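For reference, the structure is listed below as structure tokens.
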Amino acid sequence: MSVVGVATAEPVGNAVAARRRKSRITKSPKIVVGASILAFFVFIAIFGPTLAPHSASWQASNSSAFAQPPSAKFWLGTDRQQHDILSQVLSGGRSTMVIAFVAGIVASILSILFGVTAGYMGGLVDEVLSIIANIFLALPGLLILMVVMKPLPAGDTDNPFLIGSVIALTAWAYGARVLRAQTLALRDQDYVESARIIGERRPRIIVSEILPNLLPILASSFIFTVIYGIGIYVVLSILGIINPAQASWGTMIQNAQGASAMISNDWWWYAPPALCVALLGIGLALLNFGIDEIVNPRVRSRRGSRRGVRFQLGLTPVVRAARPDSSSNLDIAAPVLEGES
Amino acid sequence: MADPVLEVRGLCVDYGLGADAVRAVTDADLVLRRGEVLGIAGESGSGKSTLAYALTRLLRAPGVITGGDVLFHSRSAETGETTTVDLLAAGAHELRRYRWSEIAVVFQSAMHALNPVARVENQLTDVLRVHRPQMSAQERRARAVEMLRMVGINADRLRSYPHELSGGMRQRVMIAMALILQPQIVIMDEPTTALDVVTQREILEELMALRDELGFAVIFITHDLSLLIELADSIAIMYAGRIVERAKAAELFHAPRHPYSLGLLSSFPSLHGERVRMEGIPGSPPSLAAMPDGCKFHPRCPHAMDRCRTQEPPLTRPTDEGGGRVTACWLQDGRQDPPEALARAYPPLATPSASAVGDLSRSTS
Amino acid sequence: MCAVRAILRRLAFYLLAAWSAVTLNFFLPRMLPGSALQAVLSSIRSAPITPDELHALEAEYGAGNKSLLSQYATYISNLFHGDLGTSTSKSVPVTDILGTDLPWTIGLVGIATVIAFVLGTFLGVIAGWRRGGFLDTLLPVATFFQAIPYYILAFLLLMTMGYLWKWFPLGGGYDISRDSTVTPGWNGGFIGSVVDHGFLPVATIVLASIAGWILGMRNVMITTMDEDYVLVAAAKGLPRWRVVWVAGRNAILPSISSLALSVSLIVTGSIITEIVFSYPGLGLAMNNATLDADYPLMQGILLCVTFAVLVVNFLADIVYVILDPRARREA
């Protein structure tokens with residue numbers, strides 16, 4: 001996961017733009033698809049364990065020593081211990097989702113505390129907070145988590161809030177950097193300046209003038225942290241660093257690997273959890289992509305070529321079309337902004 | 001009168017395509033004569049920059065040229081022969097050949113027009129490398145030094161990056177860059193707007209001196225009509241994407257024929273002429289998407305008649321004039337007497353002193 | 001010179017960061033809850049190492065009676081002497097293990113990152129220049145790979161191209177058992193084996209990171225092309241590739257910053273990839289160390305990777321200062 005692509009937003013100050021933004025959200029296919037995927041997995045996280053035909057630890061009572069392929073009885077087959085894969089997949093998502101969202105929320109709070117404070121206060125405070133953030137940025141989070149979590153007792157690794165918060169400790173710094181840069185830009189905006197001049201108190205300016213304009217960036221870095229959190233949690237459980245008592249997608253893959261399911265080609269065992277994780281990541285990325293395009297309309301792809309006209313820098317196209325009498329402008333619709341089709 | 005170096009006929013420019021398109025420039029006609037300064041003035045959004053960038057095919061997306069001709073009559077420096085190129089029909093390769101070597105552009109803000117990561121030297125010599133491939137590295141460098149000296153910059157600035165120069169110096173570098181290939185036409189888009197008044201004046205005076213020396217023609221785009229009165233030979237006034245009046249600078253100054261030109265002239269204090277009350281123009285220009293019917297200026301025009309609301313006036317010669325000037329106003333079609341302010345004669349019949357025309361244009365033309 | 005001053009200033013930051021990492025490494029075991037630390041110590045005590053080494057390790061993990069400050073002093077002094085303790089699972093100095101495994105990781109991350117960055121930046125320049133073109137339709141596909149967590153992506157590649165289609169070996173860094181003529185060293189057979197084994201791990205890292213470079217470069221390219229100086233380059237009649245170059249040369253600067261920012265993420269990804277493909281680098285060593293509860297080795301690897309990340313960050317900073325004349329002034 002590389003971190004470029006989270007573009008800084010142009011501050012939007014008025015209600016018209018906000019309304020325009022709202023209509024764009026519902027029109028963007030990326031956001032609609034991404035949000036649907038996310039909603040689906042949230043649904044599974046909440047109701048999956050109830051919907052599952054069996055509990056995750058339920059074992060079919062037959063004496064087979066082999067994982068059974070999908071059948072009418074077991075839609076996704078069973079693993080070697082005769083656990084129902086479908087039930088495990090349905091109930092294994094909750095811990096992953098909870099931990100990733102806890103990580104996202106905690107990291108967002110930390111990044112606001114560090115980034116906005118540094119950007120707004122400037123000076124020595126900025127210096128110190130930025131150095132801390134930059135140091136955290138350079139630390140390899142996964143390795144630290146491996147060292148820290150390995151000796152933790154089982155009770156602790158079953159606590160999603162603890163695990164989520166610890167993951168957040170290694171993930172907040174990037175958001176803080178982006179928020180700092182944007183706060184720095186916002187601080188000099190006229191409306192912030194005027195709020196300062198009429199004597200608004202500092203926390204009030206930050207909450208009511210700065211934070212609303214940071215929301216798109218915050219959303220973007222939140223989603224980024226959630227994707228990171230999912231990946232890290234899955235890896236930690238696959239590697240057996242944390243051993244949750246309940247089946248999770250990560251532990252399912254760990255079991256499959258431990259039983260060499262790849263060599264015996266029991267794809268139904270490891271593929272469902274792996275694809276769930278992949279699909280969830282893709283849904284979140286689509287959402288992020290869509291938000292980015294709304295915040296940054298200039299980077300949206302242009303559809304001029306569909307009309308057979310190519311725009312190239314320094315070669316303005318000449319289109320001599322027969323058009324109605326040019327003195328009548330009744331055929332003219334809304335103005336076209338750069339980037340809109 | 002000198003022969004034309006650039007002719008623009010019926011140029012139309014749209015922003016966007018198909019049903020979404022709005023017209024930004026409508027049927028613009030211009031003639032730029034060799035060695036002449038042609039000013040284009042208008043409020044922001046009047047289409048003056050759009051026009052200038054469109055005729056060089058440099059207009060950015062979603063700009064589209066939808067009609068007209070732009071004829072460039074290129075005269076070879078060696079043979080003196082003139083060849084005519086239709087810039088709107090030219091391909092990328094042909095355009096590239098004329099760009100900068102014959103038609104150069106000075107941008108509004110040199111701060112943004114100079115590449116921040118390249119040294120001044122590279123930005124001056126890269127055009128030589130492309131357009132004068134026979135020149136050696138030493139010759140290119142010598143030429144760059146010569147150009148910098150011409151605009152009053154020391155040669156040691158060749159090694160500088162743009163951010164190390166002051167605003168005035170950057171604009172001088174930009175001018176040196178524009179003139180380095182001795183083009184026949186230089187398009188200047190508000191070249192001094194970003195500078196303080198003193199630097200602005202210095203640079204304009206240098207520019208006009210350089211024009212006398214090198215003989216290039218200038219299309220000078222500005223919202224500052226007073227500046228044009230001083231340094232332009234002829235002036236085109238644009239409003240809502242249309243040229244509404246075109247005349248010699250002195251004619252326009254002393255005897256405007258279009259109410260909009262008159263409004264622009266009354267919105268700045270005259271240094272030399274008689275005292276007039278500064279008026280400005282009430283209202284604001286229409287948006288491209290919601291143009292009024294008839295004359296586009298009628299909602300702001302103090303003299304608007306019924307006809308102005310429904311019919312658009314053509315750009316023609318006022319009935320009482322014999323010269324080359326044209327205006328697009330129904331008041332001037334001879335069916336009624338225009339108001340006194342729009343019916344003045346030029347040259348004035350009785351007053352001997354016509355000295356109100358700026359000193360610069362006099363001394364240089 | 002300004003450039004030197006700018007770089008020295010950055011160097012000061014990296015020294016501070018390195019000291020923070022060292023200190024963090026010292027305090028990590030001491031911050032663990034008591035039961036966790038006991039688990040660490042008991043795993044050390046049961047290790048097949050000499051009493052001297054055991055004593056040194058116990059002291060390092062705070063079991064001795066010395067004050068925290070003197071422990072810290074010993075730790076720093078050991079570090080300066082290149083002593084990272086003894087691996088409890090392998091009974092050899094941690095630095096020996098780092099010495100053998102680090103080159104594999106550097107090779108893997110280095111090659112993958114260079115490919116991803118160079119190719120991604122190049123494609124991003126084209127996508128930004130020809131906006132709405134073919135590459136724009138390809139972009140969402142690339143983003144999918146970026147969104148899939150590393151482990152899952154590596155795992156899916158291994159399952160399909162390794163197990164299912166048998167195009168590539170299933171793991172390891174090289175294979176000398178299949179062909180007795182192949183011996184480790186600079187010979188064709190061995191290098192071929194290394195390339196063969198390295199393909200899937202490199203492909204994983206490239207696939208997972210390239211979308212970021214393409215997208216980042218494309219977006220910056222689009223905003224850069226709105227700058228006047230790019231239009232000036234076109235107005236100058238420069239050949240098209242020169243105009244693209246002017247825009248790309250400016251647009252690459254944010255990508256260099258991003259490269260510095262994301263090194264630790266790339267390294268994290270490569271550690272995961274190594275584990276999936278049993279690639280003989282630090283990631284695999286880390287995984288084995290956690291399985292064996294070999295804390296000295298885990299901490300040694302953590303420190304080593306952190307230092308490597310800091311060095312790469314510093315190099316990226318130097319490149320940035322070289323590429324952007326304005327950065328030299330802001331020192």
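Just remember, in the structure tokens the first chain shown is A, the second B, etc., residues are 1-based per chain, and ligands are 1-based in the order shown.
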
Sorted by chain and rising residue number, which residues of segment 22-113 of chain B lie within 7 Å of segment 223-244 of chain B, and what are their closest atom pairs and distances in Å to one decimal, counting only C-alpha atoms, as a Markdown table?
```
| residue | atom | partner | partner_atom | distance |
| --- | --- | --- | --- | --- |
| B:Ala24 | CA | B:Gly241 | CA | 5.3 |
| B:Val25 | CA | B:Gly241 | CA | 4.1 |
| B:Thr26 | CA | B:Arg242 | CA | 5.4 |
| B:Asp27 | CA | B:Arg242 | CA | 7.0 |
| B:Ala28 | CA | B:Ile243 | CA | 6.1 |
| B:Glu36 | CA | B:Asp233 | CA | 6.2 |
| B:Val37 | CA | B:Ala232 | CA | 4.8 |
| B:Leu38 | CA | B:Ser234 | CA | 5.1 |
| B:Gly39 | CA | B:Ile235 | CA | 4.5 |
| B:Ile40 | CA | B:Ala236 | CA | 4.8 |
| B:Ala41 | CA | B:Ile237 | CA | 5.0 |
| B:Gly42 | CA | B:Met238 | CA | 5.0 |
| B:Glu43 | CA | B:His223 | CA | 5.5 |
| B:Ser44 | CA | B:His223 | CA | 6.9 |
| B:Ser46 | CA | B:Ala240 | CA | 4.7 |
| B:Gly47 | CA | B:Gly241 | CA | 4.7 |
| B:Lys48 | CA | B:Met238 | CA | 6.5 |
```

Name all residues at most 6 Å from segment 188-203 of chain B (count only C-alpha atoms; drop same-chain ones fewer than 4 positions away) and give them as a ChimeraX atom specification.
/B:105-108,207,220-222

Quick one: which residues from chain B are at most 10 Å off chain A, using only C-alpha atoms, as a ChimeraX atom specification?
/B:12-23,26-27,53-68,88-92,95-96,287-295,311-312

Run DSSP on the backbone and grab whatever in segment 44-166 of chain B lands in helix (DSSP H, G or I); send it over as a PyMOL selection string.
chain B and resi 48-55+92-98+110-113+120-131+137-150+155-159+162-164

Restrict the selected residues to C-alpha atoms and save them as a PDB file, in the first residue's frame.
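Final output, saved to out.pdb:
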```
ATOM      1  CA  LYS B  48      -9.904  39.204 -24.706  1.00  0.00           C
ATOM      2  CA  SER B  49      -7.481  36.589 -23.405  1.00  0.00           C
ATOM      3  CA  THR B  50      -9.555  33.783 -24.893  1.00  0.00           C
ATOM      4  CA  LEU B  51      -9.274  35.507 -28.268  1.00  0.00           C
ATOM      5  CA  ALA B  52      -5.523  35.946 -27.995  1.00  0.00           C
ATOM      6  CA  TYR B  53      -4.824  32.380 -26.887  1.00  0.00           C
ATOM      7  CA  ALA B  54      -7.241  30.941 -29.440  1.00  0.00           C
ATOM      8  CA  LEU B  55      -5.553  32.614 -32.377  1.00  0.00           C
ATOM      9  CA  ALA B  92       0.999  20.388 -34.696  1.00  0.00           C
ATOM     10  CA  HIS B  93       4.275  20.184 -36.594  1.00  0.00           C
ATOM     11  CA  GLU B  94       3.687  23.288 -38.691  1.00  0.00           C
ATOM     12  CA  LEU B  95       2.465  25.270 -35.676  1.00  0.00           C
ATOM     13  CA  ARG B  96       5.573  24.324 -33.763  1.00  0.00           C
ATOM     14  CA  ARG B  97       7.705  25.796 -36.515  1.00  0.00           C
ATOM     15  CA  TYR B  98       6.109  29.235 -36.206  1.00  0.00           C
ATOM     16  CA  ALA B 110       6.234  35.642 -14.963  1.00  0.00           C
ATOM     17  CA  MET B 111       6.198  34.059 -11.526  1.00  0.00           C
ATOM     18  CA  HIS B 112       4.078  31.263 -12.968  1.00  0.00           C
ATOM     19  CA  ALA B 113       5.325  31.382 -16.528  1.00  0.00           C
ATOM     20  CA  VAL B 120      17.227  31.050 -16.499  1.00  0.00           C
ATOM     21  CA  GLU B 121      19.888  30.002 -18.976  1.00  0.00           C
ATOM     22  CA  ASN B 122      18.132  26.774 -19.890  1.00  0.00           C
ATOM     23  CA  GLN B 123      14.819  28.514 -20.290  1.00  0.00           C
ATOM     24  CA  LEU B 124      16.385  31.034 -22.660  1.00  0.00           C
ATOM     25  CA  THR B 125      18.441  28.614 -24.689  1.00  0.00           C
ATOM     26  CA  ASP B 126      15.999  25.737 -25.075  1.00  0.00           C
ATOM     27  CA  VAL B 127      14.157  27.641 -27.819  1.00  0.00           C
ATOM     28  CA  LEU B 128      17.458  28.240 -29.600  1.00  0.00           C
ATOM     29  CA  ARG B 129      18.272  24.557 -29.428  1.00  0.00           C
ATOM     30  CA  VAL B 130      14.953  23.698 -31.034  1.00  0.00           C
ATOM     31  CA  HIS B 131      14.530  26.534 -33.517  1.00  0.00           C
ATOM     32  CA  ALA B 137      26.382  25.923 -27.227  1.00  0.00           C
ATOM     33  CA  GLN B 138      28.643  28.981 -26.974  1.00  0.00           C
ATOM     34  CA  GLU B 139      26.582  30.887 -29.509  1.00  0.00           C
ATOM     35  CA  ARG B 140      23.406  30.040 -27.654  1.00  0.00           C
ATOM     36  CA  ARG B 141      24.885  31.197 -24.414  1.00  0.00           C
ATOM     37  CA  ALA B 142      26.193  34.402 -25.974  1.00  0.00           C
ATOM     38  CA  ARG B 143      22.764  35.083 -27.411  1.00  0.00           C
ATOM     39  CA  ALA B 144      21.163  34.535 -24.004  1.00  0.00           C
ATOM     40  CA  VAL B 145      23.609  36.971 -22.424  1.00  0.00           C
ATOM     41  CA  GLU B 146      22.911  39.487 -25.158  1.00  0.00           C
ATOM     42  CA  MET B 147      19.160  39.232 -24.608  1.00  0.00           C
ATOM     43  CA  LEU B 148      19.482  39.603 -20.848  1.00  0.00           C
ATOM     44  CA  ARG B 149      21.619  42.663 -21.333  1.00  0.00           C
ATOM     45  CA  MET B 150      19.026  44.087 -23.687  1.00  0.00           C
ATOM     46  CA  ALA B 155      24.759  38.005 -17.296  1.00  0.00           C
ATOM     47  CA  ASP B 156      25.469  36.301 -13.970  1.00  0.00           C
ATOM     48  CA  ARG B 157      21.719  35.839 -13.604  1.00  0.00           C
ATOM     49  CA  LEU B 158      21.896  33.074 -16.193  1.00  0.00           C
ATOM     50  CA  ARG B 159      22.699  30.656 -13.375  1.00  0.00           C
ATOM     51  CA  PRO B 162      13.270  31.976 -11.106  1.00  0.00           C
ATOM     52  CA  HIS B 163      12.589  32.062  -7.368  1.00  0.00           C
ATOM     53  CA  GLU B 164      15.866  33.891  -6.864  1.00  0.00           C
TER      54      GLU B 164
END
```

What separation in Å, quoted to one decimal, exists between atom CA of Thr319 of chain B and atom CA of Arg246 of chain B?
14.8 Å

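For the pair atom CA of Ala103 of chain A and atom CA of Val166 of chain A, the interatomic distance is 7.7 Å.
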
Pick out the residues sitting within 10 Å of segment 99-108 of chain C, and hand them over as an mmCIF file with N, CA and C atoms, in the first residue's frame; count only C-alpha atoms, and ignore anything fewer than 3 positions along from it in its own chain.
```cif
data_model
loop_
_atom_site.group_PDB
_atom_site.id
_atom_site.type_symbol
_atom_site.label_atom_id
_atom_site.label_comp_id
_atom_site.auth_asym_id
_atom_site.auth_seq_id
_atom_site.Cartn_x
_atom_site.Cartn_y
_atom_site.Cartn_z
ATOM 1 N N VAL C 94 22.933 -11.995 16.935
ATOM 2 C CA VAL C 94 21.852 -11.473 16.096
ATOM 3 C C VAL C 94 22.424 -10.821 14.836
ATOM 4 N N THR C 95 23.562 -10.136 14.994
ATOM 5 C CA THR C 95 24.124 -9.429 13.841
ATOM 6 C C THR C 95 24.504 -10.395 12.718
ATOM 7 N N ASP C 96 24.909 -11.616 13.069
ATOM 8 C CA ASP C 96 25.232 -12.602 12.024
ATOM 9 C C ASP C 96 24.008 -12.902 11.172
ATOM 10 N N ILE C 111 14.564 -3.846 -5.798
ATOM 11 C CA ILE C 111 14.161 -4.098 -7.188
ATOM 12 C C ILE C 111 12.674 -3.812 -7.375
ATOM 13 N N ALA C 112 11.853 -4.310 -6.434
ATOM 14 C CA ALA C 112 10.408 -4.119 -6.581
ATOM 15 C C ALA C 112 10.048 -2.637 -6.555
ATOM 16 N N THR C 113 10.686 -1.883 -5.654
ATOM 17 C CA THR C 113 10.336 -0.480 -5.534
ATOM 18 C C THR C 113 10.798 0.302 -6.756
ATOM 19 N N GLY C 173 14.406 -18.629 -1.762
ATOM 20 C CA GLY C 173 15.078 -17.590 -2.530
ATOM 21 C C GLY C 173 15.801 -18.194 -3.719
ATOM 22 N N GLY C 198 12.403 -15.141 -7.278
ATOM 23 C CA GLY C 198 12.087 -13.770 -6.873
ATOM 24 C C GLY C 198 10.907 -13.184 -7.619
ATOM 25 N N PHE C 199 10.503 -13.829 -8.724
ATOM 26 C CA PHE C 199 9.505 -13.206 -9.581
ATOM 27 C C PHE C 199 8.197 -12.906 -8.854
ATOM 28 N N PRO C 201 7.438 -12.792 -5.524
ATOM 29 C CA PRO C 201 7.523 -11.770 -4.475
ATOM 30 C C PRO C 201 7.632 -10.356 -5.049
ATOM 31 N N VAL C 202 8.478 -10.201 -6.072
ATOM 32 C CA VAL C 202 8.612 -8.869 -6.677
ATOM 33 C C VAL C 202 7.283 -8.454 -7.287
ATOM 34 N N ILE C 205 4.847 -7.099 -4.680
ATOM 35 C CA ILE C 205 5.103 -5.743 -4.202
ATOM 36 C C ILE C 205 4.808 -4.726 -5.302
ATOM 37 N N VAL C 267 8.231 -1.556 3.117
ATOM 38 C CA VAL C 267 9.009 -2.573 3.839
ATOM 39 C C VAL C 267 8.080 -3.518 4.583
ATOM 40 N N SER C 270 6.804 -5.900 2.166
ATOM 41 C CA SER C 270 7.766 -6.902 1.709
ATOM 42 C C SER C 270 8.025 -7.945 2.796
ATOM 43 N N ILE C 271 7.915 -7.527 4.058
ATOM 44 C CA ILE C 271 8.078 -8.509 5.144
ATOM 45 C C ILE C 271 6.980 -9.560 5.044
ATOM 46 N N THR C 273 5.290 -10.291 2.354
ATOM 47 C CA THR C 273 5.506 -11.059 1.131
ATOM 48 C C THR C 273 6.555 -12.143 1.346
ATOM 49 N N GLU C 274 7.631 -11.786 2.024
ATOM 50 C CA GLU C 274 8.687 -12.777 2.297
ATOM 51 C C GLU C 274 8.135 -13.961 3.069
ATOM 52 N N TYR C 279 10.653 -16.400 1.582
ATOM 53 C CA TYR C 279 11.812 -15.769 0.972
ATOM 54 C C TYR C 279 12.844 -15.494 2.057
ATOM 55 N N PRO C 280 14.120 -15.853 1.846
ATOM 56 C CA PRO C 280 15.071 -15.888 2.969
ATOM 57 C C PRO C 280 15.564 -14.519 3.448
ATOM 58 N N GLY C 281 14.664 -13.555 3.626
ATOM 59 C CA GLY C 281 15.088 -12.229 4.083
ATOM 60 C C GLY C 281 14.713 -11.992 5.531
ATOM 61 N N LEU C 282 14.724 -10.722 5.926
ATOM 62 C CA LEU C 282 14.451 -10.371 7.318
ATOM 63 C C LEU C 282 13.021 -10.687 7.726
ATOM 64 N N GLY C 283 12.100 -10.599 6.770
ATOM 65 C CA GLY C 283 10.702 -10.862 7.095
ATOM 66 C C GLY C 283 10.502 -12.290 7.546
ATOM 67 N N LEU C 284 11.081 -13.194 6.796
ATOM 68 C CA LEU C 284 10.969 -14.606 7.160
ATOM 69 C C LEU C 284 11.674 -14.857 8.494
ATOM 70 N N ALA C 285 12.851 -14.246 8.658
ATOM 71 C CA ALA C 285 13.576 -14.390 9.918
ATOM 72 C C ALA C 285 12.730 -13.875 11.075
ATOM 73 N N ILE C 301 15.983 -7.258 14.443
ATOM 74 C CA ILE C 301 15.421 -7.035 13.112
ATOM 75 C C ILE C 301 14.650 -5.714 13.079
ATOM 76 N N CYS C 304 17.115 -2.933 12.859
ATOM 77 C CA CYS C 304 17.790 -2.932 11.566
ATOM 78 C C CYS C 304 16.879 -2.372 10.473
ATOM 79 N N VAL C 305 15.611 -2.816 10.466
ATOM 80 C CA VAL C 305 14.676 -2.337 9.447
ATOM 81 C C VAL C 305 14.409 -0.840 9.624
ATOM 82 N N ALA C 308 17.232 1.016 8.214
ATOM 83 C CA ALA C 308 17.212 0.975 6.752
ATOM 84 C C ALA C 308 16.195 1.966 6.203
#
```

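Near chain B, within 10 Å and counting only C-alpha atoms, the residues of chain C are Met225, Asp226, Glu227, Asp228, Tyr229, Val230, Leu231, Val232, Ala233, Ala234, Ala235, Lys236, Gly237, Leu238, Pro239, Arg240, Arg242, Val246, Ala247, Arg249, Asn250, Leu323, Asp324, Pro325, Arg326 and Arg329 of chain C.
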
What lies within 9 Å of segment 42-48 of chain C using only C-alpha atoms, ignoring chain neighbours under 5 positions off, as a PyMOL selection string?
chain C and resi 37+54+57-58+87-91+292-296

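Using only C-alpha atoms, the shortest contact distance between Pro160 of chain A and any of A:Tyr233, A:Tyr191, A:Tyr228, A:Phe114 is found at A:Tyr233.
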
Could you list, as a ChimeraX atom specification, every residue within 10 Å of Asn25 of chain C, counting only C-alpha atoms and ignoring same-chain residues fewer than 6 positions away?
/A:144,147 /C:19,299-300,302-303

Selected residues, C-alpha atoms, written as a PDB file, in the first residue's frame, please.
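Saved file result.pdb follows:
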```
ATOM      1  CA  ILE A 144       6.636  -3.202  16.288  1.00  0.00           C
ATOM      2  CA  VAL A 147       7.282  -7.521  19.012  1.00  0.00           C
TER       3      VAL A 147
ATOM      4  CA  TRP C  19      17.974   7.789  18.606  1.00  0.00           C
ATOM      5  CA  GLN C 299      14.265  -6.600  18.345  1.00  0.00           C
ATOM      6  CA  GLY C 300      17.443  -6.722  16.293  1.00  0.00           C
ATOM      7  CA  LEU C 302      13.107  -4.214  14.194  1.00  0.00           C
ATOM      8  CA  LEU C 303      16.063  -1.936  14.779  1.00  0.00           C
TER       9      LEU C 303
END
```

Name the residues of segment 1-69 of chain B that come out as strand (DSSP E) in a backbone DSSP run; write them as a PyMOL selection string.
chain B and resi 4-15+22-33+37-41+63-69

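Minimum atom-to-atom distance to chain C, evaluated using only C-alpha atoms, belongs to A:Ala138 out of A:Ala138, A:Leu179, A:Ala261, A:Leu169.
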